[in-house]
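Below is the file structure36.pdb, which contains PDB, C-alpha atoms.
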```
ATOM      1  CA  MET N1473       0.000   0.000   0.000  1.00  0.00           C
ATOM      2  CA  SER N1474       1.314   3.437  -0.921  1.00  0.00           C
ATOM      3  CA  LYS N1475       2.562   5.601   1.931  1.00  0.00           C
ATOM      4  CA  ASN N1476       0.619   8.498   0.406  1.00  0.00           C
ATOM      5  CA  ILE N1477      -2.834   6.958   0.899  1.00  0.00           C
ATOM      6  CA  VAL N1478      -4.763   8.463   3.783  1.00  0.00           C
ATOM      7  CA  ILE N1479      -8.129   6.881   4.595  1.00  0.00           C
ATOM      8  CA  HIS N1480     -10.800   9.526   5.124  1.00  0.00           C
ATOM      9  CA  ASP N1481     -13.443   8.907   7.778  1.00  0.00           C
ATOM     10  CA  TYR N1482     -16.854   9.966   6.469  1.00  0.00           C
ATOM     11  CA  ASP N1483     -19.547  11.074   8.891  1.00  0.00           C
ATOM     12  CA  ILE N1484     -22.246   8.797   7.473  1.00  0.00           C
ATOM     13  CA  THR N1485     -21.497   5.233   8.562  1.00  0.00           C
ATOM     14  CA  ARG N1486     -22.855   1.760   7.995  1.00  0.00           C
ATOM     15  CA  SER N1487     -24.948   2.004  11.157  1.00  0.00           C
ATOM     16  CA  HIS N1488     -26.591   5.181   9.829  1.00  0.00           C
ATOM     17  CA  ARG N1489     -27.386   3.436   6.543  1.00  0.00           C
ATOM     18  CA  ASN N1490     -28.716   0.336   8.306  1.00  0.00           C
ATOM     19  CA  LYS N1491     -30.960   2.521  10.454  1.00  0.00           C
ATOM     20  CA  VAL N1492     -32.379   4.332   7.416  1.00  0.00           C
ATOM     21  CA  ASN N1493     -32.847   1.027   5.546  1.00  0.00           C
ATOM     22  CA  GLY N1494     -34.459  -0.609   8.563  1.00  0.00           C
ATOM     23  CA  HIS N1495     -32.295  -3.728   8.469  1.00  0.00           C
ATOM     24  CA  ASP N1496     -28.783  -5.027   9.026  1.00  0.00           C
ATOM     25  CA  SER N1497     -26.345  -5.414   6.121  1.00  0.00           C
ATOM     26  CA  PHE N1498     -24.416  -8.632   5.569  1.00  0.00           C
ATOM     27  CA  VAL N1499     -23.278 -11.134   2.934  1.00  0.00           C
ATOM     28  CA  LEU N1500     -25.004 -14.369   1.984  1.00  0.00           C
ATOM     29  CA  TRP N1501     -22.150 -16.368   0.441  1.00  0.00           C
ATOM     30  CA  PHE N1502     -23.317 -19.329  -1.655  1.00  0.00           C
ATOM     31  CA  THR N1503     -20.643 -21.931  -2.413  1.00  0.00           C
ATOM     32  CA  GLY N1504     -20.896 -25.226  -4.285  1.00  0.00           C
ATOM     33  CA  LEU N1505     -20.001 -26.927  -7.521  1.00  0.00           C
ATOM     34  CA  SER N1506     -20.950 -25.487 -10.893  1.00  0.00           C
ATOM     35  CA  GLY N1507     -24.516 -26.610 -11.565  1.00  0.00           C
ATOM     36  CA  SER N1508     -25.315 -27.113  -7.875  1.00  0.00           C
ATOM     37  CA  GLY N1509     -28.071 -24.498  -7.968  1.00  0.00           C
ATOM     38  CA  LYS N1510     -26.225 -21.613  -6.271  1.00  0.00           C
ATOM     39  CA  SER N1511     -27.320 -18.875  -8.655  1.00  0.00           C
ATOM     40  CA  THR N1512     -30.880 -20.172  -8.984  1.00  0.00           C
ATOM     41  CA  ILE N1513     -31.382 -20.255  -5.213  1.00  0.00           C
ATOM     42  CA  ALA N1514     -29.531 -16.953  -4.709  1.00  0.00           C
ATOM     43  CA  ASN N1515     -31.785 -15.292  -7.289  1.00  0.00           C
ATOM     44  CA  LYS N1516     -34.947 -16.510  -5.561  1.00  0.00           C
ATOM     45  CA  VAL N1517     -33.624 -15.520  -2.119  1.00  0.00           C
ATOM     46  CA  GLU N1518     -32.928 -12.020  -3.436  1.00  0.00           C
ATOM     47  CA  GLU N1519     -36.470 -11.811  -4.835  1.00  0.00           C
ATOM     48  CA  GLU N1520     -37.926 -12.867  -1.485  1.00  0.00           C
ATOM     49  CA  LEU N1521     -35.820 -10.338   0.417  1.00  0.00           C
ATOM     50  CA  PHE N1522     -36.506  -7.554  -2.093  1.00  0.00           C
ATOM     51  CA  TYR N1523     -40.262  -8.007  -1.769  1.00  0.00           C
ATOM     52  CA  LYS N1524     -39.873  -7.879   2.010  1.00  0.00           C
ATOM     53  CA  GLY N1525     -38.375  -4.394   1.570  1.00  0.00           C
ATOM     54  CA  ILE N1526     -34.759  -5.453   2.105  1.00  0.00           C
ATOM     55  CA  HIS N1527     -32.124  -3.561   0.100  1.00  0.00           C
ATOM     56  CA  THR N1528     -30.171  -6.203  -1.844  1.00  0.00           C
ATOM     57  CA  TYR N1529     -27.588  -6.679  -4.558  1.00  0.00           C
ATOM     58  CA  ALA N1530     -26.432  -9.936  -6.153  1.00  0.00           C
ATOM     59  CA  LEU N1531     -22.858 -10.658  -7.175  1.00  0.00           C
ATOM     60  CA  ASP N1532     -22.402 -13.639  -9.489  1.00  0.00           C
ATOM     61  CA  GLY N1533     -19.463 -15.220 -11.296  1.00  0.00           C
ATOM     62  CA  ASP N1534     -20.650 -14.177 -14.731  1.00  0.00           C
ATOM     63  CA  ASN N1535     -21.437 -10.535 -13.904  1.00  0.00           C
ATOM     64  CA  ILE N1536     -18.141 -10.129 -12.035  1.00  0.00           C
ATOM     65  CA  ARG N1537     -15.970 -11.817 -14.674  1.00  0.00           C
ATOM     66  CA  SER N1538     -17.495  -9.711 -17.451  1.00  0.00           C
ATOM     67  CA  GLY N1539     -16.520  -6.516 -15.607  1.00  0.00           C
ATOM     68  CA  ILE N1540     -14.267  -5.961 -12.589  1.00  0.00           C
ATOM     69  CA  ASN N1541     -12.518  -9.329 -13.007  1.00  0.00           C
ATOM     70  CA  LYS N1542     -12.446  -9.370 -16.789  1.00  0.00           C
ATOM     71  CA  GLY N1543      -9.154 -10.849 -17.912  1.00  0.00           C
ATOM     72  CA  LEU N1544      -8.666 -13.180 -14.948  1.00  0.00           C
ATOM     73  CA  GLY N1545      -8.384 -16.855 -15.828  1.00  0.00           C
ATOM     74  CA  PHE N1546      -8.976 -19.984 -13.781  1.00  0.00           C
ATOM     75  CA  THR N1547      -5.498 -20.767 -12.486  1.00  0.00           C
ATOM     76  CA  LYS N1548      -5.170 -21.106  -8.714  1.00  0.00           C
ATOM     77  CA  GLU N1549      -3.633 -17.628  -8.566  1.00  0.00           C
ATOM     78  CA  ASP N1550      -6.373 -16.062 -10.707  1.00  0.00           C
ATOM     79  CA  ARG N1551      -9.120 -17.732  -8.689  1.00  0.00           C
ATOM     80  CA  TYR N1552      -7.544 -16.353  -5.508  1.00  0.00           C
ATOM     81  CA  GLU N1553      -7.432 -12.831  -6.960  1.00  0.00           C
ATOM     82  CA  ASN N1554     -10.966 -13.194  -8.334  1.00  0.00           C
ATOM     83  CA  LEU N1555     -12.312 -13.989  -4.861  1.00  0.00           C
ATOM     84  CA  ARG N1556     -10.164 -11.352  -3.161  1.00  0.00           C
ATOM     85  CA  ARG N1557     -11.652  -8.657  -5.382  1.00  0.00           C
ATOM     86  CA  ILE N1558     -15.178  -9.999  -4.920  1.00  0.00           C
ATOM     87  CA  ALA N1559     -14.705  -9.933  -1.143  1.00  0.00           C
ATOM     88  CA  GLU N1560     -13.548  -6.310  -1.286  1.00  0.00           C
ATOM     89  CA  VAL N1561     -16.617  -5.376  -3.378  1.00  0.00           C
ATOM     90  CA  ALA N1562     -18.896  -7.271  -0.977  1.00  0.00           C
ATOM     91  CA  LYS N1563     -17.306  -5.418   1.954  1.00  0.00           C
ATOM     92  CA  LEU N1564     -18.173  -2.097   0.297  1.00  0.00           C
ATOM     93  CA  PHE N1565     -21.760  -3.219  -0.261  1.00  0.00           C
ATOM     94  CA  VAL N1566     -22.070  -4.224   3.404  1.00  0.00           C
ATOM     95  CA  ASP N1567     -20.764  -0.798   4.404  1.00  0.00           C
ATOM     96  CA  SER N1568     -23.349   0.771   2.072  1.00  0.00           C
ATOM     97  CA  GLY N1569     -26.125  -0.932   4.051  1.00  0.00           C
ATOM     98  CA  VAL N1570     -27.015  -3.581   1.493  1.00  0.00           C
ATOM     99  CA  VAL N1571     -27.636  -7.308   1.943  1.00  0.00           C
ATOM    100  CA  THR N1572     -25.169  -8.739  -0.550  1.00  0.00           C
ATOM    101  CA  ILE N1573     -25.884 -12.050  -2.209  1.00  0.00           C
ATOM    102  CA  ALA N1574     -22.743 -13.693  -3.577  1.00  0.00           C
ATOM    103  CA  ALA N1575     -22.893 -16.930  -5.591  1.00  0.00           C
ATOM    104  CA  PHE N1576     -19.445 -18.320  -6.382  1.00  0.00           C
ATOM    105  CA  VAL N1577     -17.962 -21.804  -6.627  1.00  0.00           C
ATOM    106  CA  SER N1578     -15.169 -20.565  -4.325  1.00  0.00           C
ATOM    107  CA  PRO N1579     -13.704 -24.075  -4.186  1.00  0.00           C
ATOM    108  CA  LEU N1580     -10.957 -23.830  -1.561  1.00  0.00           C
ATOM    109  CA  ILE N1581     -11.419 -23.460   2.185  1.00  0.00           C
ATOM    110  CA  SER N1582      -8.399 -21.133   2.305  1.00  0.00           C
ATOM    111  CA  ASP N1583      -9.976 -18.821  -0.281  1.00  0.00           C
ATOM    112  CA  ARG N1584     -13.297 -18.732   1.592  1.00  0.00           C
ATOM    113  CA  ASP N1585     -11.379 -18.021   4.812  1.00  0.00           C
ATOM    114  CA  GLN N1586      -9.782 -15.073   3.036  1.00  0.00           C
ATOM    115  CA  VAL N1587     -13.240 -13.810   2.050  1.00  0.00           C
ATOM    116  CA  LYS N1588     -14.394 -14.075   5.691  1.00  0.00           C
ATOM    117  CA  GLU N1589     -11.308 -12.185   6.833  1.00  0.00           C
ATOM    118  CA  ILE N1590     -11.922  -9.333   4.366  1.00  0.00           C
ATOM    119  CA  VAL N1591     -15.689  -9.069   4.830  1.00  0.00           C
ATOM    120  CA  GLY N1592     -15.616  -9.906   8.532  1.00  0.00           C
ATOM    121  CA  GLN N1593     -16.710 -13.282   9.897  1.00  0.00           C
ATOM    122  CA  GLU N1594     -19.642 -11.635  11.677  1.00  0.00           C
ATOM    123  CA  ASN N1595     -20.841 -10.129   8.384  1.00  0.00           C
ATOM    124  CA  LEU N1596     -20.864 -13.328   6.333  1.00  0.00           C
ATOM    125  CA  ILE N1597     -23.325 -16.217   6.272  1.00  0.00           C
ATOM    126  CA  GLU N1598     -21.814 -19.193   4.449  1.00  0.00           C
ATOM    127  CA  ILE N1599     -24.352 -21.302   2.569  1.00  0.00           C
ATOM    128  CA  TYR N1600     -23.117 -24.599   1.172  1.00  0.00           C
ATOM    129  CA  VAL N1601     -25.250 -25.698  -1.770  1.00  0.00           C
ATOM    130  CA  ASP N1602     -24.541 -29.395  -1.415  1.00  0.00           C
ATOM    131  CA  THR N1603     -25.055 -31.190  -4.720  1.00  0.00           C
ATOM    132  CA  SER N1604     -23.066 -34.233  -5.794  1.00  0.00           C
ATOM    133  CA  LEU N1605     -20.690 -34.065  -8.736  1.00  0.00           C
ATOM    134  CA  LYS N1606     -22.765 -36.752 -10.462  1.00  0.00           C
ATOM    135  CA  GLU N1607     -25.939 -34.665 -10.172  1.00  0.00           C
ATOM    136  CA  CYS N1608     -24.154 -31.487 -11.304  1.00  0.00           C
ATOM    137  CA  GLU N1609     -22.855 -33.351 -14.358  1.00  0.00           C
ATOM    138  CA  ASN N1610     -26.357 -34.666 -15.072  1.00  0.00           C
ATOM    139  CA  ARG N1611     -27.712 -31.128 -14.969  1.00  0.00           C
ATOM    140  CA  ASP N1612     -24.749 -29.560 -16.843  1.00  0.00           C
ATOM    141  CA  VAL N1613     -26.867 -26.481 -17.575  1.00  0.00           C
ATOM    142  CA  LYS N1614     -24.042 -24.626 -19.349  1.00  0.00           C
ATOM    143  CA  GLY N1615     -22.426 -27.679 -20.970  1.00  0.00           C
ATOM    144  CA  LEU N1616     -19.225 -27.036 -19.026  1.00  0.00           C
ATOM    145  CA  TYR N1617     -18.765 -30.523 -17.568  1.00  0.00           C
ATOM    146  CA  LYS N1618     -18.989 -32.060 -21.024  1.00  0.00           C
ATOM    147  CA  LYS N1619     -16.281 -29.673 -22.247  1.00  0.00           C
ATOM    148  CA  ALA N1620     -14.147 -30.316 -19.153  1.00  0.00           C
ATOM    149  CA  ARG N1621     -14.417 -34.093 -19.598  1.00  0.00           C
ATOM    150  CA  ALA N1622     -13.398 -33.642 -23.251  1.00  0.00           C
ATOM    151  CA  GLY N1623     -10.330 -31.638 -22.178  1.00  0.00           C
ATOM    152  CA  GLU N1624     -11.636 -28.413 -23.717  1.00  0.00           C
ATOM    153  CA  ILE N1625     -11.683 -26.631 -20.329  1.00  0.00           C
ATOM    154  CA  LYS N1626      -8.717 -26.898 -17.973  1.00  0.00           C
ATOM    155  CA  ASN N1627      -8.746 -26.381 -14.180  1.00  0.00           C
ATOM    156  CA  PHE N1628     -12.468 -27.086 -13.961  1.00  0.00           C
ATOM    157  CA  THR N1629     -13.631 -27.549 -10.373  1.00  0.00           C
ATOM    158  CA  GLY N1630     -14.699 -31.090  -9.645  1.00  0.00           C
ATOM    159  CA  ILE N1631     -12.947 -32.517 -12.713  1.00  0.00           C
ATOM    160  CA  ASP N1632      -9.277 -31.516 -12.709  1.00  0.00           C
ATOM    161  CA  ALA N1633      -9.376 -28.917  -9.919  1.00  0.00           C
ATOM    162  CA  PRO N1634     -10.475 -29.646  -6.334  1.00  0.00           C
ATOM    163  CA  TYR N1635     -13.580 -28.556  -4.464  1.00  0.00           C
ATOM    164  CA  GLU N1636     -13.252 -28.494  -0.676  1.00  0.00           C
ATOM    165  CA  ALA N1637     -16.668 -28.586   0.981  1.00  0.00           C
ATOM    166  CA  PRO N1638     -17.145 -26.272   3.979  1.00  0.00           C
ATOM    167  CA  LYS N1639     -16.626 -28.048   7.289  1.00  0.00           C
ATOM    168  CA  ASN N1640     -19.041 -25.890   9.300  1.00  0.00           C
ATOM    169  CA  PRO N1641     -21.231 -23.791   7.006  1.00  0.00           C
ATOM    170  CA  ASP N1642     -23.937 -21.652   8.567  1.00  0.00           C
ATOM    171  CA  LEU N1643     -26.435 -23.429   6.319  1.00  0.00           C
ATOM    172  CA  GLN N1644     -26.239 -26.553   4.177  1.00  0.00           C
ATOM    173  CA  ILE N1645     -28.787 -26.902   1.375  1.00  0.00           C
ATOM    174  CA  SER N1646     -29.114 -30.407  -0.104  1.00  0.00           C
ATOM    175  CA  THR N1647     -30.612 -29.742  -3.518  1.00  0.00           C
ATOM    176  CA  GLU N1648     -31.042 -33.422  -4.319  1.00  0.00           C
ATOM    177  CA  GLU N1649     -33.447 -33.701  -1.380  1.00  0.00           C
ATOM    178  CA  ILE N1650     -35.345 -30.395  -1.468  1.00  0.00           C
ATOM    179  CA  ASN N1651     -36.500 -28.116  -4.295  1.00  0.00           C
ATOM    180  CA  VAL N1652     -35.718 -24.431  -4.875  1.00  0.00           C
ATOM    181  CA  GLU N1653     -38.765 -23.163  -2.968  1.00  0.00           C
ATOM    182  CA  MET N1654     -37.886 -25.253   0.093  1.00  0.00           C
ATOM    183  CA  SER N1655     -34.254 -24.149  -0.155  1.00  0.00           C
ATOM    184  CA  VAL N1656     -35.301 -20.496  -0.159  1.00  0.00           C
ATOM    185  CA  LYS N1657     -37.617 -21.066   2.809  1.00  0.00           C
ATOM    186  CA  GLN N1658     -34.777 -22.705   4.743  1.00  0.00           C
ATOM    187  CA  ILE N1659     -32.593 -19.630   4.186  1.00  0.00           C
ATOM    188  CA  ILE N1660     -35.311 -17.067   4.965  1.00  0.00           C
ATOM    189  CA  ASP N1661     -36.285 -19.005   8.109  1.00  0.00           C
ATOM    190  CA  TYR N1662     -32.640 -18.964   9.213  1.00  0.00           C
ATOM    191  CA  LEU N1663     -32.377 -15.195   8.656  1.00  0.00           C
ATOM    192  CA  GLU N1664     -35.554 -14.583  10.628  1.00  0.00           C
ATOM    193  CA  GLU N1665     -34.550 -16.935  13.454  1.00  0.00           C
ATOM    194  CA  THR N1666     -31.142 -15.256  13.772  1.00  0.00           C
ATOM    195  CA  ARG N1667     -32.811 -11.827  13.539  1.00  0.00           C
ATOM    196  CA  ARG N1668     -30.809 -10.730  10.537  1.00  0.00           C
ATOM    197  CA  ILE N1669     -34.024  -9.590   8.840  1.00  0.00           C
TER     198      ILE N1669
END
```
Take the structure from the file and write it as structure tokens.
Amino acid sequence: MSKNIVIHDYDITRSHRNKVNGHDSFVLWFTGLSGSGKSTIANKVEEELFYKGIHTYALDGDNIRSGINKGLGFTKEDRYENLRRIAEVAKLFVDSGVVTIAAFVSPLISDRDQVKEIVGQENLIEIYVDTSLKECENRDVKGLYKKARAGEIKNFTGIDAPYEAPKNPDLQISTEEINVEMSVKQIIDYLEETRRI
């Protein structure tokens, strides 16, 4: 960090914004394999929160990689930087008073720990969208597994790059046992029970 950077303290803070919005700000971090249902569930959770009057914004792999992280690849180093930047953006959204919904494979425990460190453990709810590799390959919504199996995509999580499941997520959604609506209800119930909304 440059020695010439001086952080300015603004008078309007996160607590002011939360008070005006009428709710706390935090991050819902969805992790799981590609095709697990992360984005689908995240989208429906955002809808539910939005119609409850909660200020929200969704961050997703495709909208981030087409903008702020354009040019980053899928090497271990690029994935690390991708998630570091996303965490910094999410931190800004939390400070702005918004419930931030982040849906990213985020395959390594160490990378998710870095996200928690940047955003603040107390500001992040980790949601593991638990779907087996076999089921994700059966779904293969984007045709990515087929390409990865054919060697057309390298470093694809679950095929030739690892996915480390969270050991103690705040919530675990088993999409092979419950549908999207039930998944959303499980998350909303959790947020209400923990008085986050």
request  = Apply the PyMOL selection byres ((chain N and resi 1500-1508) around 6) to the structure shown and report the selected residues as number ranges by chain.
outcome  = N: 1499, 1509-1510, 1573-1578, 1597-1601, 1603, 1608
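Near Asp1550 in chain N, within a cut-off of 12 Å and counting all atoms listed in the file, sit the residues Arg1537, Asn1541, Lys1542, Gly1543, Leu1544, Gly1545, Leu1555, Arg1556, Arg1557, Ser1578, Asp1583 and Asn1627 of chain N, with same-chain residues fewer than 5 positions away left out.
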inquiry  = Env of Lys1563 in chain N: 10 Å cut, atoms = only C-alpha atoms, seq-sep filter 4 positions within chain, self excluded. Answer as a PyMOL selection string.
reply    = chain N and resi 1497-1499+1557-1559+1567-1568+1570+1572+1587-1588+1590-1592+1595-1596
Using all atoms listed in the file, which residues sit within 12 Å of Thr1528 in chain N once same-chain residues fewer than 3 positions away are excluded, as a CSV table (one decimal) with C-alpha atoms, in the coordinates of the input?
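The file below, result.csv, is the result:
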```csv
chain,number,residue,atom,x,y,z
N,1493,ASN,CA,-32.8,1.0,5.5
N,1495,HIS,CA,-32.3,-3.7,8.5
N,1496,ASP,CA,-28.8,-5.0,9.0
N,1497,SER,CA,-26.3,-5.4,6.1
N,1498,PHE,CA,-24.4,-8.6,5.6
N,1499,VAL,CA,-23.3,-11.1,2.9
N,1500,LEU,CA,-25.0,-14.4,2.0
N,1514,ALA,CA,-29.5,-17.0,-4.7
N,1515,ASN,CA,-31.8,-15.3,-7.3
N,1516,LYS,CA,-34.9,-16.5,-5.6
N,1517,VAL,CA,-33.6,-15.5,-2.1
N,1518,GLU,CA,-32.9,-12.0,-3.4
N,1519,GLU,CA,-36.5,-11.8,-4.8
N,1520,GLU,CA,-37.9,-12.9,-1.5
N,1521,LEU,CA,-35.8,-10.3,0.4
N,1522,PHE,CA,-36.5,-7.6,-2.1
N,1523,TYR,CA,-40.3,-8.0,-1.8
N,1524,LYS,CA,-39.9,-7.9,2.0
N,1525,GLY,CA,-38.4,-4.4,1.6
N,1531,LEU,CA,-22.9,-10.7,-7.2
N,1562,ALA,CA,-18.9,-7.3,-1.0
N,1565,PHE,CA,-21.8,-3.2,-0.3
N,1566,VAL,CA,-22.1,-4.2,3.4
N,1568,SER,CA,-23.3,0.8,2.1
N,1569,GLY,CA,-26.1,-0.9,4.1
N,1570,VAL,CA,-27.0,-3.6,1.5
N,1571,VAL,CA,-27.6,-7.3,1.9
N,1572,THR,CA,-25.2,-8.7,-0.6
N,1573,ILE,CA,-25.9,-12.0,-2.2
N,1574,ALA,CA,-22.7,-13.7,-3.6
N,1669,ILE,CA,-34.0,-9.6,8.8
```
key: Of the listed residues N:Val1492, N:Thr1512, N:Arg1486, N:Ala1637, that which approaches Asn1651 in chain N most closely, counting only C-alpha atoms   =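 Ranked by minimum distance to Asn1651 in chain N, first place goes to N:Thr1512.
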Got a minute to add N, CA, C and O atoms to range 1484-1504 of chain N and dump it as a PDB file, keeping the file's coordinate frame?
```pdb
ATOM      1  N   ILE N1484     -21.159   9.760   7.619  1.00  0.00           N
ATOM      2  CA  ILE N1484     -22.246   8.797   7.473  1.00  0.00           C
ATOM      3  C   ILE N1484     -21.634   7.403   7.464  1.00  0.00           C
ATOM      4  O   ILE N1484     -20.787   7.083   6.644  1.00  0.00           O
ATOM      5  N   THR N1485     -22.083   6.557   8.387  1.00  0.00           N
ATOM      6  CA  THR N1485     -21.497   5.233   8.562  1.00  0.00           C
ATOM      7  C   THR N1485     -22.494   4.137   8.195  1.00  0.00           C
ATOM      8  O   THR N1485     -23.670   4.404   7.930  1.00  0.00           O
ATOM      9  N   ARG N1486     -22.003   2.922   8.256  1.00  0.00           N
ATOM     10  CA  ARG N1486     -22.855   1.760   7.995  1.00  0.00           C
ATOM     11  C   ARG N1486     -24.056   1.741   8.937  1.00  0.00           C
ATOM     12  O   ARG N1486     -25.177   1.456   8.525  1.00  0.00           O
ATOM     13  N   SER N1487     -23.836   2.035  10.199  1.00  0.00           N
ATOM     14  CA  SER N1487     -24.948   2.004  11.157  1.00  0.00           C
ATOM     15  C   SER N1487     -26.015   3.027  10.801  1.00  0.00           C
ATOM     16  O   SER N1487     -27.215   2.755  10.965  1.00  0.00           O
ATOM     17  N   HIS N1488     -25.611   4.191  10.288  1.00  0.00           N
ATOM     18  CA  HIS N1488     -26.591   5.181   9.829  1.00  0.00           C
ATOM     19  C   HIS N1488     -27.410   4.611   8.669  1.00  0.00           C
ATOM     20  O   HIS N1488     -28.638   4.730   8.639  1.00  0.00           O
ATOM     21  N   ARG N1489     -26.711   3.980   7.730  1.00  0.00           N
ATOM     22  CA  ARG N1489     -27.386   3.436   6.543  1.00  0.00           C
ATOM     23  C   ARG N1489     -28.326   2.295   6.934  1.00  0.00           C
ATOM     24  O   ARG N1489     -29.433   2.179   6.421  1.00  0.00           O
ATOM     25  N   ASN N1490     -27.865   1.437   7.840  1.00  0.00           N
ATOM     26  CA  ASN N1490     -28.716   0.336   8.306  1.00  0.00           C
ATOM     27  C   ASN N1490     -29.968   0.865   8.990  1.00  0.00           C
ATOM     28  O   ASN N1490     -31.062   0.313   8.816  1.00  0.00           O
ATOM     29  N   LYS N1491     -29.810   1.938   9.759  1.00  0.00           N
ATOM     30  CA  LYS N1491     -30.960   2.521  10.454  1.00  0.00           C
ATOM     31  C   LYS N1491     -31.966   3.072   9.453  1.00  0.00           C
ATOM     32  O   LYS N1491     -33.172   2.846   9.586  1.00  0.00           O
ATOM     33  N   VAL N1492     -31.494   3.780   8.448  1.00  0.00           N
ATOM     34  CA  VAL N1492     -32.379   4.332   7.416  1.00  0.00           C
ATOM     35  C   VAL N1492     -33.056   3.204   6.636  1.00  0.00           C
ATOM     36  O   VAL N1492     -34.260   3.260   6.340  1.00  0.00           O
ATOM     37  N   ASN N1493     -32.298   2.155   6.312  1.00  0.00           N
ATOM     38  CA  ASN N1493     -32.847   1.027   5.546  1.00  0.00           C
ATOM     39  C   ASN N1493     -33.790   0.161   6.375  1.00  0.00           C
ATOM     40  O   ASN N1493     -34.633  -0.547   5.825  1.00  0.00           O
ATOM     41  N   GLY N1494     -33.600   0.182   7.690  1.00  0.00           N
ATOM     42  CA  GLY N1494     -34.459  -0.609   8.563  1.00  0.00           C
ATOM     43  C   GLY N1494     -34.038  -2.058   8.690  1.00  0.00           C
ATOM     44  O   GLY N1494     -34.831  -2.910   9.103  1.00  0.00           O
ATOM     45  N   HIS N1495     -32.804  -2.357   8.335  1.00  0.00           N
ATOM     46  CA  HIS N1495     -32.295  -3.728   8.469  1.00  0.00           C
ATOM     47  C   HIS N1495     -30.776  -3.725   8.499  1.00  0.00           C
ATOM     48  O   HIS N1495     -30.129  -2.767   8.078  1.00  0.00           O
ATOM     49  N   ASP N1496     -30.228  -4.823   8.983  1.00  0.00           N
ATOM     50  CA  ASP N1496     -28.783  -5.027   9.026  1.00  0.00           C
ATOM     51  C   ASP N1496     -28.265  -5.263   7.610  1.00  0.00           C
ATOM     52  O   ASP N1496     -29.025  -5.601   6.702  1.00  0.00           O
ATOM     53  N   SER N1497     -26.975  -5.083   7.409  1.00  0.00           N
ATOM     54  CA  SER N1497     -26.345  -5.414   6.121  1.00  0.00           C
ATOM     55  C   SER N1497     -25.336  -6.528   6.367  1.00  0.00           C
ATOM     56  O   SER N1497     -24.645  -6.538   7.382  1.00  0.00           O
ATOM     57  N   PHE N1498     -25.283  -7.466   5.428  1.00  0.00           N
ATOM     58  CA  PHE N1498     -24.416  -8.632   5.569  1.00  0.00           C
ATOM     59  C   PHE N1498     -24.298  -9.314   4.210  1.00  0.00           C
ATOM     60  O   PHE N1498     -24.914  -8.884   3.234  1.00  0.00           O
ATOM     61  N   VAL N1499     -23.492 -10.379   4.169  1.00  0.00           N
ATOM     62  CA  VAL N1499     -23.278 -11.134   2.934  1.00  0.00           C
ATOM     63  C   VAL N1499     -23.822 -12.544   3.089  1.00  0.00           C
ATOM     64  O   VAL N1499     -23.517 -13.226   4.069  1.00  0.00           O
ATOM     65  N   LEU N1500     -24.624 -12.960   2.114  1.00  0.00           N
ATOM     66  CA  LEU N1500     -25.004 -14.369   1.984  1.00  0.00           C
ATOM     67  C   LEU N1500     -24.070 -14.948   0.934  1.00  0.00           C
ATOM     68  O   LEU N1500     -24.136 -14.560  -0.240  1.00  0.00           O
ATOM     69  N   TRP N1501     -23.164 -15.822   1.352  1.00  0.00           N
ATOM     70  CA  TRP N1501     -22.150 -16.368   0.441  1.00  0.00           C
ATOM     71  C   TRP N1501     -22.531 -17.808   0.084  1.00  0.00           C
ATOM     72  O   TRP N1501     -22.447 -18.704   0.907  1.00  0.00           O
ATOM     73  N   PHE N1502     -22.945 -18.005  -1.169  1.00  0.00           N
ATOM     74  CA  PHE N1502     -23.317 -19.329  -1.655  1.00  0.00           C
ATOM     75  C   PHE N1502     -22.104 -19.991  -2.291  1.00  0.00           C
ATOM     76  O   PHE N1502     -21.498 -19.422  -3.213  1.00  0.00           O
ATOM     77  N   THR N1503     -21.746 -21.178  -1.827  1.00  0.00           N
ATOM     78  CA  THR N1503     -20.643 -21.931  -2.413  1.00  0.00           C
ATOM     79  C   THR N1503     -21.128 -23.331  -2.776  1.00  0.00           C
ATOM     80  O   THR N1503     -22.020 -23.878  -2.140  1.00  0.00           O
ATOM     81  N   GLY N1504     -20.539 -23.885  -3.827  1.00  0.00           N
ATOM     82  CA  GLY N1504     -20.896 -25.226  -4.285  1.00  0.00           C
ATOM     83  C   GLY N1504     -20.393 -25.413  -5.704  1.00  0.00           C
ATOM     84  O   GLY N1504     -19.947 -24.463  -6.351  1.00  0.00           O
TER      85      GLY N1504
END
```
